[in-house]
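Colleague: My structure file input24.cif, mmCIF, C-alpha atoms, is below:
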data_upload
loop_
_atom_site.label_atom_id
_atom_site.label_comp_id
_atom_site.auth_asym_id
_atom_site.auth_seq_id
_atom_site.Cartn_x
_atom_site.Cartn_y
_atom_site.Cartn_z
CA MET L 27 0.00 0.00 0.00
CA ASP L 28 1.43 3.38 -0.84
CA GLY L 29 1.66 6.05 1.82
CA LYS L 30 -1.16 8.13 0.30
CA VAL L 31 -3.96 5.66 0.96
CA LYS L 32 -5.62 6.16 4.32
CA PRO L 33 -7.56 2.95 4.80
CA LEU L 34 -11.12 3.29 6.05
CA LEU L 35 -13.21 0.58 7.66
CA GLY L 36 -16.56 0.24 5.93
CA VAL L 37 -19.13 0.01 8.74
CA ASP L 38 -22.67 -0.77 7.60
CA ILE L 39 -25.34 -0.36 10.29
CA THR L 40 -28.63 -2.02 9.34
CA SER L 41 -31.78 -2.71 11.33
CA SER L 42 -30.52 -6.19 12.21
CA THR L 43 -26.70 -6.24 12.05
CA VAL L 44 -23.42 -4.38 12.12
CA LYS L 45 -21.10 -5.28 9.24
CA LEU L 46 -17.45 -4.33 9.09
CA LEU L 47 -15.10 -4.59 6.12
CA GLU L 48 -11.53 -3.48 5.49
CA LEU L 49 -9.95 -3.68 2.04
CA SER L 50 -6.41 -3.11 0.82
CA LYS L 51 -5.29 -2.59 -2.76
CA SER L 52 -2.26 -3.75 -4.69
CA GLY L 53 -2.06 -2.84 -8.36
CA SER L 54 -5.62 -3.01 -9.65
CA GLY L 55 -6.66 -5.80 -7.29
CA TYR L 56 -8.24 -5.65 -3.86
CA LYS L 57 -7.81 -7.85 -0.81
CA VAL L 58 -10.20 -8.41 2.10
CA GLU L 59 -8.08 -7.62 5.17
CA SER L 60 -10.78 -7.96 7.80
CA TYR L 61 -14.50 -8.60 7.97
CA MET L 62 -17.09 -9.32 10.62
CA VAL L 63 -20.90 -9.37 10.88
CA LYS L 64 -22.77 -9.41 14.19
CA PRO L 65 -26.52 -9.33 14.89
CA LEU L 66 -28.00 -6.42 16.83
CA PRO L 67 -30.44 -6.87 19.72
CA PRO L 68 -34.03 -6.31 18.50
CA ASN L 69 -35.11 -2.63 18.31
CA THR L 70 -31.56 -1.22 18.52
CA VAL L 71 -32.07 0.24 15.04
CA VAL L 72 -35.61 0.60 13.69
CA GLU L 73 -36.22 1.53 10.04
CA LYS L 74 -32.63 2.81 9.85
CA VAL L 75 -33.08 5.09 12.88
CA ILE L 76 -30.78 4.40 15.86
CA LYS L 77 -32.94 3.88 18.96
CA ASP L 78 -30.28 2.58 21.38
CA THR L 79 -26.85 4.11 20.81
CA ASP L 80 -25.16 2.25 23.67
CA ALA L 81 -26.38 -1.18 22.55
CA LEU L 82 -25.21 -0.40 19.01
CA ALA L 83 -21.79 0.79 20.22
CA ASP L 84 -21.47 -2.34 22.35
CA VAL L 85 -21.99 -4.65 19.36
CA MET L 86 -19.68 -2.48 17.27
CA ARG L 87 -16.93 -2.77 19.88
CA LYS L 88 -17.21 -6.58 19.70
CA VAL L 89 -17.14 -6.48 15.90
CA VAL L 90 -13.94 -4.41 15.92
CA ALA L 91 -12.29 -6.68 18.50
CA GLN L 92 -13.22 -9.91 16.73
CA ALA L 93 -12.23 -8.61 13.31
CA LYS L 94 -8.81 -7.77 14.85
CA VAL L 95 -8.59 -4.40 13.10
CA LYS L 96 -5.76 -2.04 13.98
CA ASN L 97 -7.18 0.77 11.88
CA LYS L 98 -9.72 2.97 13.66
CA ASN L 99 -10.85 5.30 10.84
CA ALA L 100 -14.31 4.43 9.61
CA ALA L 101 -16.80 5.27 6.87
CA VAL L 102 -20.49 4.88 7.67
CA ALA L 103 -23.66 5.55 5.64
CA VAL L 104 -27.10 7.04 6.12
CA ALA L 105 -30.16 5.72 4.30
CA GLY L 106 -31.09 7.29 0.98
CA SER L 107 -34.53 8.12 2.38
CA ALA L 108 -32.86 10.30 5.05
CA VAL L 109 -31.09 12.42 2.45
CA ILE L 110 -32.30 15.10 0.09
CA THR L 111 -30.21 15.38 -3.07
CA LYS L 112 -30.52 18.03 -5.72
CA VAL L 113 -28.43 18.82 -8.78
CA ILE L 114 -27.92 22.57 -9.14
CA GLU L 115 -25.93 24.74 -11.53
CA MET L 116 -23.11 26.98 -10.37
CA PRO L 117 -20.49 29.09 -12.17
CA ALA L 118 -17.85 26.76 -13.67
CA ASP L 119 -14.91 28.86 -12.44
CA LEU L 120 -15.71 28.42 -8.72
CA SER L 121 -13.17 26.62 -6.52
CA ASP L 122 -14.33 24.03 -3.96
CA GLU L 123 -14.21 26.76 -1.30
CA GLY L 124 -16.24 29.04 -3.58
CA VAL L 125 -18.89 26.36 -4.08
CA GLU L 126 -19.01 25.78 -0.33
CA SER L 127 -19.50 29.42 0.58
CA GLN L 128 -22.11 29.96 -2.14
CA LEU L 129 -24.02 26.85 -1.04
CA SER L 130 -24.08 28.02 2.56
CA VAL L 131 -25.83 31.16 1.34
CA GLU L 132 -28.23 29.51 -1.14
CA ALA L 133 -28.91 26.08 0.36
CA ASP L 134 -32.06 27.18 2.18
CA GLN L 135 -33.80 27.52 -1.23
CA TYR L 136 -33.43 23.77 -1.74
CA ILE L 137 -33.76 22.33 1.76
CA PRO L 138 -37.08 22.19 3.65
CA TYR L 139 -35.40 22.16 7.10
CA PRO L 140 -33.74 24.97 9.09
CA LEU L 141 -30.09 25.01 7.98
CA ASP L 142 -28.74 24.72 11.52
CA GLU L 143 -30.44 21.28 11.71
CA VAL L 144 -28.84 19.84 8.57
CA ALA L 145 -25.47 18.50 7.55
CA LEU L 146 -24.66 19.60 3.99
CA ASP L 147 -22.26 18.11 1.47
CA PHE L 148 -21.69 18.49 -2.25
CA GLU L 149 -20.02 16.75 -5.14
CA LEU L 150 -18.94 18.30 -8.44
CA ILE L 151 -20.51 16.30 -11.26
CA GLY L 152 -18.98 18.15 -14.21
CA PRO L 153 -19.76 20.78 -16.85
CA SER L 154 -23.43 21.59 -17.38
CA GLU L 155 -24.83 20.18 -20.62
CA ASP L 156 -26.92 23.27 -21.29
CA ASN L 157 -24.48 26.00 -20.39
CA ALA L 158 -20.70 26.05 -20.89
CA ASP L 159 -20.15 28.67 -18.15
CA GLN L 160 -21.91 26.52 -15.54
CA MET L 161 -21.16 23.25 -13.82
CA ASP L 162 -23.51 20.72 -12.24
CA VAL L 163 -23.12 20.30 -8.50
CA MET L 164 -24.89 17.59 -6.51
CA LEU L 165 -26.07 18.97 -3.16
CA ALA L 166 -26.80 16.42 -0.41
CA ALA L 167 -28.47 17.35 2.85
CA CYS L 168 -29.29 15.17 5.82
CA ARG L 169 -30.72 16.03 9.23
CA ARG L 170 -27.78 16.53 11.55
CA GLU L 171 -29.24 14.23 14.22
CA THR L 172 -29.15 11.29 11.76
CA VAL L 173 -25.47 11.89 11.03
CA ASP L 174 -24.58 12.63 14.66
CA ALA L 175 -26.24 9.44 15.95
CA ARG L 176 -24.05 7.30 13.70
CA ALA L 177 -20.90 9.27 14.52
CA GLU L 178 -21.63 9.04 18.25
CA ALA L 179 -22.06 5.24 18.19
CA LEU L 180 -18.77 4.87 16.28
CA GLU L 181 -16.95 7.11 18.75
CA ILE L 182 -18.29 5.22 21.80
CA ALA L 183 -17.03 2.01 20.12
CA GLY L 184 -13.57 3.56 19.80
CA LEU L 185 -13.66 4.37 16.08
CA ASN L 186 -13.08 7.70 14.28
CA PRO L 187 -15.98 8.56 11.96
CA LYS L 188 -14.07 10.03 9.01
CA VAL L 189 -16.71 9.73 6.29
CA VAL L 190 -20.52 9.76 6.35
CA ASP L 191 -21.75 8.54 2.98
CA VAL L 192 -25.19 7.74 1.53
CA GLU L 193 -26.14 4.07 1.08
CA VAL L 194 -27.16 4.62 -2.55
CA PHE L 195 -23.73 6.02 -3.44
CA ALA L 196 -21.98 3.21 -1.56
CA VAL L 197 -23.95 0.63 -3.57
CA GLU L 198 -23.09 2.47 -6.79
CA ARG L 199 -19.39 2.30 -5.88
CA ALA L 200 -19.62 -1.41 -5.01
CA PHE L 201 -21.44 -2.07 -8.28
CA GLN L 202 -18.13 -1.52 -10.09
CA LEU L 203 -16.88 -4.72 -8.44
CA ILE L 204 -19.88 -6.62 -9.85
CA ALA L 205 -19.81 -4.91 -13.25
CA ASP L 206 -16.33 -6.38 -13.74
CA GLN L 207 -17.94 -9.84 -13.61
CA MET L 208 -20.53 -9.01 -16.29
CA GLU L 209 -19.96 -9.22 -20.00
CA ASP L 210 -20.45 -6.18 -22.21
CA LEU L 211 -22.25 -3.91 -19.81
CA GLY L 212 -22.49 -1.03 -22.29
CA GLU L 213 -25.69 0.95 -21.77
CA GLN L 214 -27.48 -1.85 -20.00
CA VAL L 215 -30.16 -1.03 -17.45
CA VAL L 216 -29.20 -2.91 -14.29
CA ALA L 217 -31.54 -3.23 -11.30
CA ILE L 218 -30.08 -4.07 -7.89
CA VAL L 219 -32.66 -5.36 -5.43
CA ASP L 220 -31.20 -5.31 -1.93
CA VAL L 221 -33.41 -7.20 0.51
CA GLY L 222 -32.41 -6.76 4.14
CA ALA L 223 -34.21 -7.68 7.34
CA THR L 224 -36.86 -4.96 7.14
CA MET L 225 -36.20 -2.97 3.94
CA LEU L 226 -36.20 -3.69 0.25
CA THR L 227 -34.19 -1.14 -1.73
CA LEU L 228 -34.30 -1.00 -5.52
CA SER L 229 -31.49 0.86 -7.27
CA VAL L 230 -31.44 1.14 -11.05
CA LEU L 231 -28.13 1.96 -12.73
CA VAL L 232 -27.33 2.89 -16.30
CA GLU L 233 -23.67 3.06 -17.33
CA GLY L 234 -22.77 2.57 -13.66
CA LYS L 235 -24.70 5.65 -12.47
CA THR L 236 -27.76 5.51 -10.22
CA LEU L 237 -30.83 6.61 -12.11
CA TYR L 238 -33.53 5.67 -9.63
CA THR L 239 -33.80 4.40 -6.09
CA ARG L 240 -36.75 3.42 -3.91
CA GLU L 241 -37.04 1.92 -0.44
CA GLN L 242 -39.99 0.00 0.89
CA ALA L 243 -40.72 -1.84 4.11
CA PHE L 244 -40.36 -5.56 3.37
CA GLY L 245 -37.66 -8.01 4.38
CA GLY L 246 -36.32 -11.28 5.69
CA ARG L 247 -37.34 -10.58 9.27
CA GLN L 248 -40.85 -11.71 8.24
CA VAL L 249 -39.47 -15.23 7.78
CA THR L 250 -37.76 -15.17 11.19
CA GLU L 251 -40.92 -13.94 12.92
CA GLU L 252 -43.05 -16.54 11.16
CA ILE L 253 -40.63 -19.34 12.25
CA GLN L 254 -40.79 -17.96 15.78
CA ARG L 255 -44.59 -17.94 15.79
CA ARG L 256 -45.16 -21.28 14.09
CA TYR L 257 -42.54 -23.34 15.91
CA GLY L 258 -42.48 -21.57 19.29
CA LEU L 259 -38.83 -20.50 19.13
CA SER L 260 -37.16 -17.38 20.50
CA TYR L 261 -36.16 -14.67 18.01
CA GLU L 262 -32.49 -15.71 18.29
CA GLU L 263 -33.28 -19.43 17.84
CA ALA L 264 -35.48 -18.66 14.83
CA GLY L 265 -32.68 -16.62 13.22
CA GLN L 266 -30.19 -19.47 13.78
CA ALA L 267 -32.60 -22.06 12.38
CA LYS L 268 -33.29 -19.93 9.31
CA LYS L 269 -29.55 -19.86 8.53
CA GLN L 270 -28.59 -23.40 9.56
CA GLY L 271 -31.67 -25.42 8.70
CA GLY L 272 -33.14 -28.26 10.75
CA LEU L 273 -36.70 -26.94 10.73
CA PRO L 274 -39.80 -29.17 10.36
CA GLU L 275 -40.77 -30.44 6.91
CA ASP L 276 -43.63 -27.98 6.38
CA TYR L 277 -41.21 -25.01 6.66
CA GLU L 278 -40.64 -25.00 2.89
CA SER L 279 -44.32 -25.06 1.89
CA GLU L 280 -45.81 -23.03 4.76
CA ILE L 281 -43.23 -20.28 5.25
CA LEU L 282 -40.58 -20.15 2.54
CA SER L 283 -42.75 -20.50 -0.56
CA PRO L 284 -45.26 -17.79 0.43
CA PHE L 285 -42.36 -15.49 1.38
CA LYS L 286 -40.65 -15.97 -1.99
CA GLU L 287 -43.93 -15.28 -3.79
CA ALA L 288 -44.50 -12.11 -1.76
CA LEU L 289 -40.91 -11.00 -2.41
CA ILE L 290 -41.23 -11.50 -6.16
CA GLN L 291 -44.45 -9.44 -6.10
CA GLN L 292 -42.63 -6.67 -4.21
CA ILE L 293 -39.74 -6.68 -6.72
CA SER L 294 -42.22 -6.58 -9.59
CA ARG L 295 -44.07 -3.64 -8.00
CA SER L 296 -40.82 -1.75 -7.41
CA LEU L 297 -39.86 -2.23 -11.05
CA GLN L 298 -43.30 -0.99 -12.15
CA PHE L 299 -42.77 2.19 -10.11
CA PHE L 300 -39.42 2.64 -11.86
CA PHE L 301 -40.93 2.13 -15.34
CA SER L 302 -43.75 4.58 -14.67
CA SER L 303 -41.37 7.30 -13.49
CA SER L 304 -38.62 7.01 -16.12
CA GLN L 305 -38.15 6.75 -19.86
CA TYR L 306 -37.32 3.05 -19.52
CA ASN L 307 -39.83 0.22 -19.68
CA TYR L 308 -37.32 -2.62 -19.40
CA VAL L 309 -34.40 -3.90 -17.32
CA ASP L 310 -31.54 -5.91 -18.86
CA GLN L 311 -30.14 -7.48 -15.73
CA LEU L 312 -31.34 -8.03 -12.17
CA ILE L 313 -28.90 -8.37 -9.28
CA LEU L 314 -30.16 -9.80 -5.99
CA ALA L 315 -28.37 -8.47 -2.91
CA GLY L 316 -28.93 -8.46 0.84
CA GLY L 317 -29.19 -11.19 3.43
CA VAL L 318 -32.19 -12.79 1.70
CA ALA L 319 -30.44 -13.16 -1.71
CA PRO L 320 -28.81 -16.60 -1.17
CA MET L 321 -32.12 -18.19 -0.08
CA GLU L 322 -32.32 -21.57 -1.76
CA GLY L 323 -34.05 -21.47 -5.14
CA LEU L 324 -34.81 -17.75 -4.93
CA ARG L 325 -32.59 -16.62 -7.81
CA GLU L 326 -34.07 -19.23 -10.18
CA GLU L 327 -37.62 -18.38 -9.16
CA VAL L 328 -37.09 -14.63 -9.61
CA GLU L 329 -35.51 -15.21 -13.02
CA GLU L 330 -38.32 -17.46 -14.15
CA LYS L 331 -41.28 -15.42 -12.83
CA LEU L 332 -39.94 -12.01 -13.89
CA GLY L 333 -38.31 -13.24 -17.10
CA LEU L 334 -35.08 -11.38 -16.28
CA PRO L 335 -31.50 -12.65 -16.20
CA THR L 336 -30.79 -12.67 -12.44
CA MET L 337 -27.51 -13.01 -10.56
CA ILE L 338 -26.58 -12.91 -6.89
CA ALA L 339 -24.32 -10.04 -5.87
CA ASN L 340 -20.82 -10.96 -4.75
CA PRO L 341 -18.40 -8.03 -4.61
CA PHE L 342 -15.51 -10.30 -3.55
CA VAL L 343 -15.30 -12.68 -6.54
CA ASN L 344 -12.01 -11.28 -7.83
CA MET L 345 -10.46 -10.43 -4.43
CA ALA L 346 -7.74 -12.06 -2.41
CA VAL L 347 -8.70 -12.85 1.19
CA SER L 348 -6.44 -12.44 4.24
CA ASN L 349 -5.83 -15.64 6.20
CA LYS L 350 -7.36 -14.06 9.33
CA VAL L 351 -10.71 -13.79 7.52
CA ASN L 352 -13.22 -16.67 7.63
CA ALA L 353 -13.58 -17.13 3.86
CA VAL L 354 -16.60 -19.47 4.14
CA ALA L 355 -18.55 -16.96 6.26
CA LEU L 356 -17.49 -14.14 3.93
CA ALA L 357 -18.84 -16.01 0.89
CA MET L 358 -22.17 -16.57 2.65
CA ASP L 359 -22.47 -12.93 3.70
CA ALA L 360 -21.16 -11.51 0.39
CA PRO L 361 -24.57 -10.57 -1.10
CA ALA L 362 -25.31 -8.49 2.03
CA MET L 363 -21.95 -6.66 1.93
CA LEU L 364 -22.55 -4.17 -0.91
CA VAL L 365 -22.89 -1.09 1.30
CA ALA L 366 -19.92 -2.14 3.46
CA ALA L 367 -17.82 -2.76 0.32
CA GLY L 368 -18.79 0.60 -1.17
CA LEU L 369 -17.82 2.32 2.09
CA ALA L 370 -14.48 0.48 2.33
CA LEU L 371 -13.73 1.54 -1.27
CA ARG L 372 -13.76 5.16 -0.11
CA SER L 373 -10.19 4.46 1.09
CA PHE L 374 -8.93 4.59 -2.50
CA GLU L 375 -10.66 7.70 -3.85
#
Spell out the structure here as structure tokens.
Modeller:
Amino acid sequence: MDGKVKPLLGVDITSSTVKLLELSKSGSGYKVESYMVKPLPPNTVVEKVIKDTDALADVMRKVVAQAKVKNKNAAVAVAGSAVITKVIEMPADLSDEGVESQLSVEADQYIPYPLDEVALDFELIGPSEDNADQMDVMLAACRRETVDARAEALEIAGLNPKVVDVEVFAVERAFQLIADQMEDLGEQVVAIVDVGATMLTLSVLVEGKTLYTREQAFGGRQVTEEIQRRYGLSYEEAGQAKKQGGLPEDYESEILSPFKEALIQQISRSLQFFFSSSQYNYVDQLILAGGVAPMEGLREEVEEKLGLPTMIANPFVNMAVSNKVNAVALAMDAPAMLVAAGLALRSFE
């Protein structure tokens, strides 16, 4: 690693887990240096809002210890639904400082909250298509309490929150790792469906850029709760059984099949929303991500029912893996590691 790269830990906080990932780079290849996933106690994070900072920090501390990371600088993300983004035009000759000072004056035109309650950031996109003297600037605003809650949990766990990103942008960055595995991407319309414990997020990318994103409440926790109810198990036992198997014979027909059907309906609805709000009425490739993605038979069923080529996301296919990393566990968790991977990639920008 050259001296310029300041490695960042990608820390993905979801409603059910904390995921940590550290990457290094040599030449054009990446290596997984450390990784760990740990479940959160129920109701620590609800719908991406942190409800119990101490419980979260406690799990995070364990994650850091077990992953044996020496590095303490971290990148974390807020949900796309918590962020307002707007592309605005500004004079092309402004420096970064110039953009910053102009935004601090003008931002209240674009943001529906009092400015002292929001954290602002911006990214230069490039020259404006309509006007040579102007450039396009992406303005991102998030309520300060959302950002502060994540930073506070990291700090209590002994980490330095260096970067607060947006989940959508992290997924877009991680998509590059998957795009390398696809033939002739060209101008293909690629839909990534990330199904977590409580949220389904659809991101649609064209030429590697996010065109559309939508979150809805639906996720794998429904399966866990149904197992709990039907077989009289605790939440923890149900979660274990879901992963490791050993459930009664009717599990497949009574719980899994209806869940898969409901999930396919949700994906189909999300795609319909995308078609009705964009110029596209098709998708070339579907990528399943999130903890639900590796569910047995799901990929085949989605492909068949939606008539779309479907693959399971794995950002680590072309990476080396450190010998301190449990490679088997990493392969199982890979589809759920897109946000963490996108955050860890911030190290190399």
Colleague: Which residues, written as a list in words, have at least one atom at most 7 Å from range 365-370 of chain L, with only C-alpha atoms counted and residues fewer than 3 positions away on the same chain left out?
Modeller: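 The residues that qualify are Leu34, Leu35, Gly36, Val37, Asp38, Lys45, Leu46, Leu47, Glu48, Leu49, Ala101, Val102, Glu193, Ala196, Val197, Arg199, Ala200 and Ser373 of chain L.
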Colleague: Apply the PyMOL selection byres ((chain L and resi 130) around 12) to the structure shown and report the selected residues as a list in words.
Modeller: Glu123, Gly124, Val125, Glu126, Ser127, Gln128, Leu129, Val131, Glu132, Ala133, Asp134, Gln135, Tyr136, Ile137, Leu141, Asp142, Val144, Ala145, Leu146, Asp147, Phe148, Leu165 and Ala167 of chain L
Colleague: Go through L:Ile39, L:Ile293, L:Met345, L:Met86 and flag the residue nearest Ser54 in chain L, using all atoms listed in the file for the distances.
Modeller: L:Met345
Colleague: With the PyMOL selection byres ((chain L and resi 191) around 6) as the selection, what would be picked from this file? Answer as a ChimeraX atom specification, please.
Modeller: /L:103,190,192
Colleague: Let me know the residues the PyMOL selection byres ((chain L and resi 341) around 9) catches in the file above, as a list in words.
Modeller: Ala200, Phe201, Gln202, Leu203, Ile204, Ala339, Asn340, Phe342, Val343, Asn344, Met345, Ala360, Pro361, Met363, Leu364 and Ala367 of chain L
Colleague: Env of range 266-274 of chain L: 8 Å cut, atoms = all atoms listed in the file, seq-sep filter 6 positions within chain, self excluded. Answer as a VMD selection string.
Modeller: chain L and resid 249 to 250 253
Colleague: Within 7 Å of Gln160 in chain L, counting only C-alpha atoms, which residues qualify if same-chain residues fewer than 3 places away don't, as a PyMOL selection string?
Modeller: chain L and resi 115-118+153-154+157
Colleague: Output the selection as a compact mmCIF listing (two decimals), in the coordinates of the input - C-alpha atoms for each residue.
Modeller:
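Listed below is the output, part-v2.txt:
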# COMPACT_ATOMS: atom_id res chain seq x y z
CA GLU L 115 -25.93 24.74 -11.53
CA MET L 116 -23.11 26.98 -10.37
CA PRO L 117 -20.49 29.09 -12.17
CA ALA L 118 -17.85 26.76 -13.67
CA PRO L 153 -19.76 20.78 -16.85
CA SER L 154 -23.43 21.59 -17.38
CA ASN L 157 -24.48 26.00 -20.39
Colleague: State, in Å with one decimal place, the distance from CA of Ala100 in chain L to CA of Pro187 in chain L.
Modeller: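 Those two atoms sit 5.0 Å apart.
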Colleague: Measure the distance from CA of Leu289 in chain L to CA of Gly245 in chain L in Å and round it to one decimal.
Modeller: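 Between these atoms lies a distance of 8.1 Å.
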Colleague: Can you list, as a list in words, every protein, DNA or RNA residue that comes within 10 Å of Phe244 in chain L when you count all atoms listed in the file, leaving out same-chain residues fewer than 5 positions away?
Modeller: Val221, Gly222, Ala223, Thr224, Met225, Leu226, Thr227, Ala288, Leu289 and Gln292 of chain L
Colleague: Between CA of Val95 in chain L and CA of Phe195 in chain L, what is the distance in Å, rounded to a tenth?
Modeller: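 Computing the Euclidean distance for CA of Val95 in chain L and CA of Phe195 in chain L yields 24.7 Å.
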Colleague: Counting only C-alpha atoms, what is within 8 Å of range 173-181 of chain L, bar same-chain residues fewer than 3 positions away, as a list in words?
Modeller: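 Close residues of range 173-181 of chain L: Ile76, Thr79, Asp80, Leu82, Ala83, Met86, Val102, Val104, Ala145, Cys168, Arg169, Arg170, Gly184, Leu185, Asn186, Pro187 and Val190 of chain L.
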Colleague: For a quick check of understanding, using only C-alpha atoms, which of L:Glu171, L:Glu59, L:Glu73, L:Asp162 has the smallest distance to Lys94 in chain L?
Modeller: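 Smallest separation from Lys94 in chain L among the options: L:Glu59.
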Colleague: My list of candidates is L:Val354, L:Val63, L:Ala158, L:Val216. Which is closest to Val90 in chain L when distances are computed with only C-alpha atoms?
Modeller: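 Of L:Val354, L:Val63, L:Ala158, L:Val216, the one nearest Val90 in chain L, counting only C-alpha atoms, is L:Val63.
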Colleague: Rank nothing, just name the residue among L:Ile110, L:Pro33, L:Val75, L:Met62 nearest to Lys98 in chain L, using all atoms listed in the file.
Modeller: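 Residue with the minimum atom-to-atom distance to Lys98 in chain L: L:Pro33.
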Colleague: Using all atoms listed in the file, list the residues that have an atom at most 12 Å from (-35.0, -14.2, -9.0), coordinates as in the file, as a PDB file with C-alpha atoms, in the frame of the given file.
Modeller:
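Listing of out35.pdb after writing:
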ATOM      1  CA  ALA L 217     -31.540  -3.230 -11.300  1.00  0.00           C
ATOM      2  CA  ILE L 218     -30.080  -4.070  -7.890  1.00  0.00           C
ATOM      3  CA  VAL L 219     -32.660  -5.360  -5.430  1.00  0.00           C
ATOM      4  CA  ASP L 220     -31.200  -5.310  -1.930  1.00  0.00           C
ATOM      5  CA  VAL L 221     -33.410  -7.200   0.510  1.00  0.00           C
ATOM      6  CA  LYS L 286     -40.650 -15.970  -1.990  1.00  0.00           C
ATOM      7  CA  GLU L 287     -43.930 -15.280  -3.790  1.00  0.00           C
ATOM      8  CA  LEU L 289     -40.910 -11.000  -2.410  1.00  0.00           C
ATOM      9  CA  ILE L 290     -41.230 -11.500  -6.160  1.00  0.00           C
ATOM     10  CA  GLN L 291     -44.450  -9.440  -6.100  1.00  0.00           C
ATOM     11  CA  GLN L 292     -42.630  -6.670  -4.210  1.00  0.00           C
ATOM     12  CA  ILE L 293     -39.740  -6.680  -6.720  1.00  0.00           C
ATOM     13  CA  SER L 294     -42.220  -6.580  -9.590  1.00  0.00           C
ATOM     14  CA  GLN L 311     -30.140  -7.480 -15.730  1.00  0.00           C
ATOM     15  CA  LEU L 312     -31.340  -8.030 -12.170  1.00  0.00           C
ATOM     16  CA  ILE L 313     -28.900  -8.370  -9.280  1.00  0.00           C
ATOM     17  CA  LEU L 314     -30.160  -9.800  -5.990  1.00  0.00           C
ATOM     18  CA  ALA L 315     -28.370  -8.470  -2.910  1.00  0.00           C
ATOM     19  CA  VAL L 318     -32.190 -12.790   1.700  1.00  0.00           C
ATOM     20  CA  ALA L 319     -30.440 -13.160  -1.710  1.00  0.00           C
ATOM     21  CA  PRO L 320     -28.810 -16.600  -1.170  1.00  0.00           C
ATOM     22  CA  MET L 321     -32.120 -18.190  -0.080  1.00  0.00           C
ATOM     23  CA  GLU L 322     -32.320 -21.570  -1.760  1.00  0.00           C
ATOM     24  CA  GLY L 323     -34.050 -21.470  -5.140  1.00  0.00           C
ATOM     25  CA  LEU L 324     -34.810 -17.750  -4.930  1.00  0.00           C
ATOM     26  CA  ARG L 325     -32.590 -16.620  -7.810  1.00  0.00           C
ATOM     27  CA  GLU L 326     -34.070 -19.230 -10.180  1.00  0.00           C
ATOM     28  CA  GLU L 327     -37.620 -18.380  -9.160  1.00  0.00           C
ATOM     29  CA  VAL L 328     -37.090 -14.630  -9.610  1.00  0.00           C
ATOM     30  CA  GLU L 329     -35.510 -15.210 -13.020  1.00  0.00           C
ATOM     31  CA  GLU L 330     -38.320 -17.460 -14.150  1.00  0.00           C
ATOM     32  CA  LYS L 331     -41.280 -15.420 -12.830  1.00  0.00           C
ATOM     33  CA  LEU L 332     -39.940 -12.010 -13.890  1.00  0.00           C
ATOM     34  CA  GLY L 333     -38.310 -13.240 -17.100  1.00  0.00           C
ATOM     35  CA  LEU L 334     -35.080 -11.380 -16.280  1.00  0.00           C
ATOM     36  CA  PRO L 335     -31.500 -12.650 -16.200  1.00  0.00           C
ATOM     37  CA  THR L 336     -30.790 -12.670 -12.440  1.00  0.00           C
ATOM     38  CA  MET L 337     -27.510 -13.010 -10.560  1.00  0.00           C
ATOM     39  CA  ILE L 338     -26.580 -12.910  -6.890  1.00  0.00           C
ATOM     40  CA  ALA L 339     -24.320 -10.040  -5.870  1.00  0.00           C
TER      41      ALA L 339
END
Colleague: Which is closest to Thr70 in chain L among L:Gln92, L:Ser50, L:Thr111, L:Ser41, if we use all atoms listed in the file?
Modeller: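 Nearest candidate to Thr70 in chain L out of L:Gln92, L:Ser50, L:Thr111, L:Ser41: L:Ser41.
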Colleague: Is there a way to complete range 230-236 of chain L with N, CA, C and O atoms and then write that out as an mmCIF file, in the coordinates of the input?
Modeller:
data_model
loop_
_atom_site.group_PDB
_atom_site.id
_atom_site.type_symbol
_atom_site.label_atom_id
_atom_site.label_comp_id
_atom_site.auth_asym_id
_atom_site.auth_seq_id
_atom_site.Cartn_x
_atom_site.Cartn_y
_atom_site.Cartn_z
ATOM 1 N N VAL L 230 -31.598 1.429 -9.621
ATOM 2 C CA VAL L 230 -31.440 1.140 -11.050
ATOM 3 C C VAL L 230 -30.262 1.963 -11.568
ATOM 4 O O VAL L 230 -30.207 3.176 -11.356
ATOM 5 N N LEU L 231 -29.334 1.286 -12.219
ATOM 6 C CA LEU L 231 -28.130 1.960 -12.730
ATOM 7 C C LEU L 231 -28.047 1.829 -14.239
ATOM 8 O O LEU L 231 -28.355 0.774 -14.803
ATOM 9 N N VAL L 232 -27.637 2.915 -14.873
ATOM 10 C CA VAL L 232 -27.330 2.890 -16.300
ATOM 11 C C VAL L 232 -25.922 3.446 -16.465
ATOM 12 O O VAL L 232 -25.605 4.500 -15.910
ATOM 13 N N GLU L 233 -25.088 2.702 -17.175
ATOM 14 C CA GLU L 233 -23.670 3.060 -17.330
ATOM 15 C C GLU L 233 -23.027 3.322 -15.968
ATOM 16 O O GLU L 233 -22.236 4.255 -15.787
ATOM 17 N N GLY L 234 -23.402 2.502 -14.986
ATOM 18 C CA GLY L 234 -22.770 2.570 -13.660
ATOM 19 C C GLY L 234 -23.232 3.723 -12.791
ATOM 20 O O GLY L 234 -22.740 3.910 -11.683
ATOM 21 N N LYS L 235 -24.208 4.515 -13.272
ATOM 22 C CA LYS L 235 -24.700 5.650 -12.470
ATOM 23 C C LYS L 235 -26.129 5.372 -12.008
ATOM 24 O O LYS L 235 -26.951 4.875 -12.778
ATOM 25 N N THR L 236 -26.425 5.761 -10.771
ATOM 26 C CA THR L 236 -27.760 5.510 -10.220
ATOM 27 C C THR L 236 -28.778 6.453 -10.845
ATOM 28 O O THR L 236 -28.636 7.663 -10.800
#
